[in-house]
Amino acid sequence: MSQAQPTVFVVDDDASVLRSLQRLLQSAGWAAQTYSSPEEFLRQRDPTASGCVILDVEMPGLDGFELQRLLAEEGMLLPVIFLTGFGDVPSSVRAMRAGARNFLCKPVTEEDLLASVAEAVEADQAYRRDNADLVAGRERLMTLTTRERQVLDRVVAGRLNKQTADELGTALKTIKVHRARVMHKMNVRSLAQLARLMERMGVAQATAPAPADTGDQSPIGDLSFESYGRTTHGHGGACSGRR
């Protein structure tokens, strides 16, 4: 399990917003890393990192909601704070229901943003202290290859090896090898133990389709620009439309 300093990860397609937030966070004593797109964050992220993520909503390619969903599917623990100029009540409700820690609209005061970050990081640290086994399980989950994750999802859904091989278009022998690797990487001895661990972690099945019937998810806006059972107290509501 990672013991590194908590980091605030900021994902926004506006370079001036990234610079401004990074300066603010670092001046408040936080380690901060910035990314210009969800895709860049997904490529470079450390799956064992602690802290929180600040996400814009509307971005080219993947948007903030899609990134939030992908992180949940992959079992990444970091609490999510949305910071956007394009929010409304349905968006805030959608974000919070999907597990976001907070939903902030620009302009937001530095004090409110920093308080939200402190709360999110504390929630993350408390969860890691109280659920060390689940944190370790999620970190092991992040080591699986795409194919191993596909096999895991189908195993947990109750597929037989042959059904999994047919669905993935590969040999039965290959599925058995992947299944053995999944068991080893997840540090479990039985399928029942694996299923219980996945259920306790609350990790969404990312790839397995439904089985066939065979019987068997001062204000930042005014600066000079150069979510694990989490509490939901976001500032939902219509935004002004500013980035």
# chains A, B, ... in the order shown; residues from 1 in each chain; ligands from 1
call {"tool": "closest_atom_pairs", "arguments": {"of": "segment 52-89 of chain A", "to": "segment 101-116 of chain A", "cutoff": "7 Å", "atoms": "only C-alpha atoms", "output": "CSV"}}
result
residue,atom,partner,partner_atom,distance
A:Pro79,CA,A:Arg101,CA,5.8
A:Val80,CA,A:Arg101,CA,5.4
A:Ile81,CA,A:Asn102,CA,4.8
A:Phe82,CA,A:Phe103,CA,4.7
A:Leu83,CA,A:Leu104,CA,4.8
A:Thr84,CA,A:Cys105,CA,5.1
A:Gly85,CA,A:Lys106,CA,4.9
A:Gly87,CA,A:Cys105,CA,6.5
call {"tool": "closest_atom_pairs", "arguments": {"of": "segment 111-142 of chain A", "to": "segment 49-54 of chain A", "cutoff": "12 Å", "atoms": "only C-alpha atoms", "output": "JSON lines"}}
result
{"residue": "A:Leu113", "atom": "CA", "partner": "A:Ile54", "partner_atom": "CA", "distance": 9.8}
{"residue": "A:Leu114", "atom": "CA", "partner": "A:Ile54", "partner_atom": "CA", "distance": 11.2}
{"residue": "A:Ser116", "atom": "CA", "partner": "A:Cys52", "partner_atom": "CA", "distance": 10.0}
{"residue": "A:Val117", "atom": "CA", "partner": "A:Cys52", "partner_atom": "CA", "distance": 7.2}
{"residue": "A:Ala118", "atom": "CA", "partner": "A:Gly51", "partner_atom": "CA", "distance": 9.2}
{"residue": "A:Glu119", "atom": "CA", "partner": "A:Cys52", "partner_atom": "CA", "distance": 9.6}
{"residue": "A:Ala120", "atom": "CA", "partner": "A:Cys52", "partner_atom": "CA", "distance": 6.2}
{"residue": "A:Val121", "atom": "CA", "partner": "A:Gly51", "partner_atom": "CA", "distance": 4.9}
{"residue": "A:Glu122", "atom": "CA", "partner": "A:Gly51", "partner_atom": "CA", "distance": 8.2}
{"residue": "A:Ala123", "atom": "CA", "partner": "A:Gly51", "partner_atom": "CA", "distance": 9.0}
{"residue": "A:Asp124", "atom": "CA", "partner": "A:Gly51", "partner_atom": "CA", "distance": 6.4}
{"residue": "A:Gln125", "atom": "CA", "partner": "A:Ser50", "partner_atom": "CA", "distance": 7.4}
{"residue": "A:Ala126", "atom": "CA", "partner": "A:Ser50", "partner_atom": "CA", "distance": 11.0}
{"residue": "A:Tyr127", "atom": "CA", "partner": "A:Ser50", "partner_atom": "CA", "distance": 10.5}
{"residue": "A:Arg128", "atom": "CA", "partner": "A:Ser50", "partner_atom": "CA", "distance": 8.8}
{"residue": "A:Arg129", "atom": "CA", "partner": "A:Ser50", "partner_atom": "CA", "distance": 11.6}
{"residue": "A:Val135", "atom": "CA", "partner": "A:Ser50", "partner_atom": "CA", "distance": 10.4}
{"residue": "A:Ala136", "atom": "CA", "partner": "A:Ala49", "partner_atom": "CA", "distance": 11.9}
{"residue": "A:Arg138", "atom": "CA", "partner": "A:Ala49", "partner_atom": "CA", "distance": 11.5}
{"residue": "A:Glu139", "atom": "CA", "partner": "A:Ala49", "partner_atom": "CA", "distance": 9.4}
{"residue": "A:Met142", "atom": "CA", "partner": "A:Ala49", "partner_atom": "CA", "distance": 11.5}
call {"tool": "residues_around", "arguments": {"residues": "Arg179 of chain A", "least_positions_apart": "2", "cutoff": "8 Å", "atoms": "only C-alpha atoms", "output": "number ranges by chain"}}
result
A: 148, 151-152, 175-177, 181-183
call {"tool": "closest_residue", "arguments": {"among": "A:Leu70, A:Ala28, A:Leu191, A:Leu42", "to": "Arg154 of chain A", "atoms": "only C-alpha atoms"}}
result
A:Leu191
call {"tool": "atom_distance", "arguments": {"atom1": "atom CA of Val57 of chain A", "atom2": "atom CA of Asp12 of chain A"}}
result
8.4 Å
call {"tool": "closest_residue", "arguments": {"among": "A:Gly99, A:Ala32, A:Asp133, A:Thr48", "to": "Ser20 of chain A", "atoms": "only C-alpha atoms"}}
result
A:Ala32
call {"tool": "closest_residue", "arguments": {"among": "A:Ser92, A:Thr143, A:Ser36, A:Gln22", "to": "Lys185 of chain A", "atoms": "only C-alpha atoms"}}
result
A:Thr143
call {"tool": "select_by_dssp", "arguments": {"residues": "segment 19-229 of chain A", "states": "helix (DSSP H, G or I)", "output": "PyMOL selection string"}}
result
chain A and resi 19-27+38-44+64-74+89-97+110-130+132-141+146-156+161-168+172-185+191-201+220-222
call {"tool": "residues_around", "arguments": {"residues": "Gly137 of chain A", "least_positions_apart": "6", "cutoff": "10 Å", "atoms": "only C-alpha atoms", "output": "PyMOL selection string"}}
result
chain A and resi 1+75+131+185-188+194+197-198+200-201
call {"tool": "write_last_selection", "arguments": {"atoms": "N, CA, C and O atoms", "output": "compact mmCIF listing (two decimals), in the first residue's frame"}}
result
# COMPACT_ATOMS: atom_id res chain seq x y z
N MET A 1 0.83 -1.19 0.00
CA MET A 1 0.00 0.00 0.00
C MET A 1 0.87 1.24 0.00
O MET A 1 1.86 1.31 0.70
N GLY A 75 -11.69 0.52 -9.66
CA GLY A 75 -11.46 0.37 -8.23
C GLY A 75 -10.53 1.41 -7.64
O GLY A 75 -10.00 1.21 -6.56
N ASN A 131 -9.91 0.48 6.47
CA ASN A 131 -10.20 -0.61 5.52
C ASN A 131 -8.94 -1.04 4.79
O ASN A 131 -8.93 -1.13 3.56
N LYS A 185 -2.82 -12.86 -8.31
CA LYS A 185 -2.65 -11.42 -8.12
C LYS A 185 -3.59 -10.87 -7.06
O LYS A 185 -3.24 -9.95 -6.30
N MET A 186 -4.81 -11.42 -6.98
CA MET A 186 -5.78 -10.94 -5.99
C MET A 186 -5.57 -11.59 -4.63
O MET A 186 -6.25 -11.25 -3.66
N ASN A 187 -4.63 -12.55 -4.56
CA ASN A 187 -4.26 -13.18 -3.28
C ASN A 187 -5.46 -13.87 -2.63
O ASN A 187 -5.72 -13.72 -1.43
N VAL A 188 -6.20 -14.63 -3.43
CA VAL A 188 -7.33 -15.41 -2.91
C VAL A 188 -7.13 -16.87 -3.28
O VAL A 188 -6.45 -17.20 -4.25
N LEU A 194 -12.89 -14.71 -3.71
CA LEU A 194 -12.75 -13.64 -4.69
C LEU A 194 -14.06 -12.86 -4.82
O LEU A 194 -14.06 -11.63 -4.84
N LEU A 197 -14.62 -10.64 -1.81
CA LEU A 197 -13.73 -9.48 -1.82
C LEU A 197 -14.25 -8.43 -2.78
O LEU A 197 -14.30 -7.23 -2.45
N MET A 198 -14.65 -8.83 -3.97
CA MET A 198 -15.17 -7.87 -4.96
C MET A 198 -16.44 -7.20 -4.45
O MET A 198 -16.63 -5.99 -4.62
N ARG A 200 -17.28 -6.73 -1.26
CA ARG A 200 -16.92 -5.81 -0.16
C ARG A 200 -16.27 -4.54 -0.69
O ARG A 200 -16.46 -3.46 -0.13
N MET A 201 -15.49 -4.67 -1.77
CA MET A 201 -14.85 -3.49 -2.35
C MET A 201 -15.85 -2.62 -3.10
O MET A 201 -15.58 -1.46 -3.37
call {"tool": "decode", "arguments": {"residues": "segment 53-65 of chain A", "atoms": "all heavy atoms", "output": "PDB file, in the first residue's frame"}}
result
ATOM      1  N   VAL A  53      -9.160  13.901  -6.300  1.00  0.00           N
ATOM      2  CA  VAL A  53      -9.126  14.363  -7.686  1.00  0.00           C
ATOM      3  C   VAL A  53     -10.110  15.522  -7.851  1.00  0.00           C
ATOM      4  O   VAL A  53     -11.259  15.413  -7.404  1.00  0.00           O
ATOM      5  CB  VAL A  53      -9.506  13.247  -8.678  1.00  0.00           C
ATOM      6  CG1 VAL A  53      -9.383  13.734 -10.116  1.00  0.00           C
ATOM      7  CG2 VAL A  53      -8.657  12.017  -8.462  1.00  0.00           C
ATOM      8  N   ILE A  54      -9.662  16.615  -8.467  1.00  0.00           N
ATOM      9  CA  ILE A  54     -10.544  17.720  -8.834  1.00  0.00           C
ATOM     10  C   ILE A  54     -10.790  17.625 -10.333  1.00  0.00           C
ATOM     11  O   ILE A  54      -9.841  17.664 -11.125  1.00  0.00           O
ATOM     12  CB  ILE A  54      -9.925  19.087  -8.483  1.00  0.00           C
ATOM     13  CG1 ILE A  54      -9.710  19.199  -6.969  1.00  0.00           C
ATOM     14  CG2 ILE A  54     -10.818  20.219  -8.974  1.00  0.00           C
ATOM     15  CD1 ILE A  54      -9.014  20.486  -6.552  1.00  0.00           C
ATOM     16  N   LEU A  55     -12.056  17.502 -10.729  1.00  0.00           N
ATOM     17  CA  LEU A  55     -12.402  17.299 -12.134  1.00  0.00           C
ATOM     18  C   LEU A  55     -13.282  18.417 -12.671  1.00  0.00           C
ATOM     19  O   LEU A  55     -14.220  18.859 -11.999  1.00  0.00           O
ATOM     20  CB  LEU A  55     -13.195  15.989 -12.310  1.00  0.00           C
ATOM     21  CG  LEU A  55     -12.524  14.662 -12.006  1.00  0.00           C
ATOM     22  CD1 LEU A  55     -13.506  13.522 -12.276  1.00  0.00           C
ATOM     23  CD2 LEU A  55     -11.277  14.502 -12.844  1.00  0.00           C
ATOM     24  N   ASP A  56     -12.978  18.848 -13.889  1.00  0.00           N
ATOM     25  CA  ASP A  56     -13.925  19.654 -14.643  1.00  0.00           C
ATOM     26  C   ASP A  56     -14.987  18.696 -15.192  1.00  0.00           C
ATOM     27  O   ASP A  56     -14.781  17.476 -15.234  1.00  0.00           O
ATOM     28  CB  ASP A  56     -13.187  20.367 -15.785  1.00  0.00           C
ATOM     29  CG  ASP A  56     -14.046  21.432 -16.452  1.00  0.00           C
ATOM     30  OD1 ASP A  56     -15.127  21.758 -15.913  1.00  0.00           O
ATOM     31  OD2 ASP A  56     -13.635  21.941 -17.507  1.00  0.00           O
ATOM     32  N   VAL A  57     -16.127  19.230 -15.604  1.00  0.00           N
ATOM     33  CA  VAL A  57     -17.177  18.383 -16.167  1.00  0.00           C
ATOM     34  C   VAL A  57     -17.038  18.274 -17.678  1.00  0.00           C
ATOM     35  O   VAL A  57     -16.880  17.181 -18.228  1.00  0.00           O
ATOM     36  CB  VAL A  57     -18.579  18.913 -15.795  1.00  0.00           C
ATOM     37  CG1 VAL A  57     -19.657  18.127 -16.545  1.00  0.00           C
ATOM     38  CG2 VAL A  57     -18.805  18.802 -14.302  1.00  0.00           C
ATOM     39  N   GLU A  58     -17.062  19.410 -18.363  1.00  0.00           N
ATOM     40  CA  GLU A  58     -17.053  19.382 -19.818  1.00  0.00           C
ATOM     41  C   GLU A  58     -15.636  19.522 -20.349  1.00  0.00           C
ATOM     42  O   GLU A  58     -14.984  20.558 -20.171  1.00  0.00           O
ATOM     43  CB  GLU A  58     -17.933  20.506 -20.368  1.00  0.00           C
ATOM     44  CG  GLU A  58     -19.402  20.319 -20.042  1.00  0.00           C
ATOM     45  CD  GLU A  58     -20.291  21.236 -20.855  1.00  0.00           C
ATOM     46  OE1 GLU A  58     -19.757  21.979 -21.719  1.00  0.00           O
ATOM     47  OE2 GLU A  58     -21.513  21.211 -20.638  1.00  0.00           O
ATOM     48  N   MET A  59     -15.153  18.442 -20.985  1.00  0.00           N
ATOM     49  CA  MET A  59     -13.828  18.424 -21.598  1.00  0.00           C
ATOM     50  C   MET A  59     -13.904  17.667 -22.910  1.00  0.00           C
ATOM     51  O   MET A  59     -14.765  16.799 -23.070  1.00  0.00           O
ATOM     52  CB  MET A  59     -12.810  17.754 -20.654  1.00  0.00           C
ATOM     53  CG  MET A  59     -12.522  18.546 -19.384  1.00  0.00           C
ATOM     54  SD  MET A  59     -11.372  17.685 -18.246  1.00  0.00           S
ATOM     55  CE  MET A  59     -12.511  16.520 -17.463  1.00  0.00           C
ATOM     56  N   PRO A  60     -13.026  17.987 -23.867  1.00  0.00           N
ATOM     57  CA  PRO A  60     -13.010  17.228 -25.121  1.00  0.00           C
ATOM     58  C   PRO A  60     -12.708  15.759 -24.855  1.00  0.00           C
ATOM     59  O   PRO A  60     -11.998  15.417 -23.895  1.00  0.00           O
ATOM     60  CB  PRO A  60     -11.879  17.888 -25.916  1.00  0.00           C
ATOM     61  CG  PRO A  60     -11.701  19.232 -25.301  1.00  0.00           C
ATOM     62  CD  PRO A  60     -12.032  19.061 -23.841  1.00  0.00           C
ATOM     63  N   GLY A  61     -13.241  14.883 -25.684  1.00  0.00           N
ATOM     64  CA  GLY A  61     -13.015  13.457 -25.463  1.00  0.00           C
ATOM     65  C   GLY A  61     -13.832  12.991 -24.277  1.00  0.00           C
ATOM     66  O   GLY A  61     -15.030  13.260 -24.179  1.00  0.00           O
ATOM     67  N   LEU A  62     -13.191  12.296 -23.356  1.00  0.00           N
ATOM     68  CA  LEU A  62     -13.873  11.889 -22.136  1.00  0.00           C
ATOM     69  C   LEU A  62     -14.242  13.121 -21.325  1.00  0.00           C
ATOM     70  O   LEU A  62     -13.450  14.053 -21.203  1.00  0.00           O
ATOM     71  CB  LEU A  62     -12.970  10.991 -21.291  1.00  0.00           C
ATOM     72  CG  LEU A  62     -12.622   9.594 -21.822  1.00  0.00           C
ATOM     73  CD1 LEU A  62     -11.629   8.921 -20.878  1.00  0.00           C
ATOM     74  CD2 LEU A  62     -13.872   8.748 -21.970  1.00  0.00           C
ATOM     75  N   ASP A  63     -15.439  13.132 -20.740  1.00  0.00           N
ATOM     76  CA  ASP A  63     -15.772  14.228 -19.846  1.00  0.00           C
ATOM     77  C   ASP A  63     -15.561  13.788 -18.399  1.00  0.00           C
ATOM     78  O   ASP A  63     -15.140  12.657 -18.131  1.00  0.00           O
ATOM     79  CB  ASP A  63     -17.197  14.731 -20.084  1.00  0.00           C
ATOM     80  CG  ASP A  63     -18.272  13.684 -19.783  1.00  0.00           C
ATOM     81  OD1 ASP A  63     -18.004  12.727 -19.023  1.00  0.00           O
ATOM     82  OD2 ASP A  63     -19.397  13.839 -20.302  1.00  0.00           O
ATOM     83  N   GLY A  64     -15.840  14.693 -17.466  1.00  0.00           N
ATOM     84  CA  GLY A  64     -15.580  14.388 -16.068  1.00  0.00           C
ATOM     85  C   GLY A  64     -16.396  13.222 -15.547  1.00  0.00           C
ATOM     86  O   GLY A  64     -15.908  12.404 -14.753  1.00  0.00           O
ATOM     87  N   PHE A  65     -17.654  13.113 -15.979  1.00  0.00           N
ATOM     88  CA  PHE A  65     -18.498  12.012 -15.526  1.00  0.00           C
ATOM     89  C   PHE A  65     -17.971  10.668 -16.019  1.00  0.00           C
ATOM     90  O   PHE A  65     -17.996   9.664 -15.290  1.00  0.00           O
ATOM     91  CB  PHE A  65     -19.937  12.207 -16.012  1.00  0.00           C
ATOM     92  CG  PHE A  65     -20.632  13.381 -15.385  1.00  0.00           C
ATOM     93  CD1 PHE A  65     -21.290  14.303 -16.186  1.00  0.00           C
ATOM     94  CD2 PHE A  65     -20.632  13.574 -14.014  1.00  0.00           C
ATOM     95  CE1 PHE A  65     -21.933  15.393 -15.625  1.00  0.00           C
ATOM     96  CE2 PHE A  65     -21.278  14.657 -13.442  1.00  0.00           C
ATOM     97  CZ  PHE A  65     -21.930  15.570 -14.248  1.00  0.00           C
TER      98      PHE A  65
END
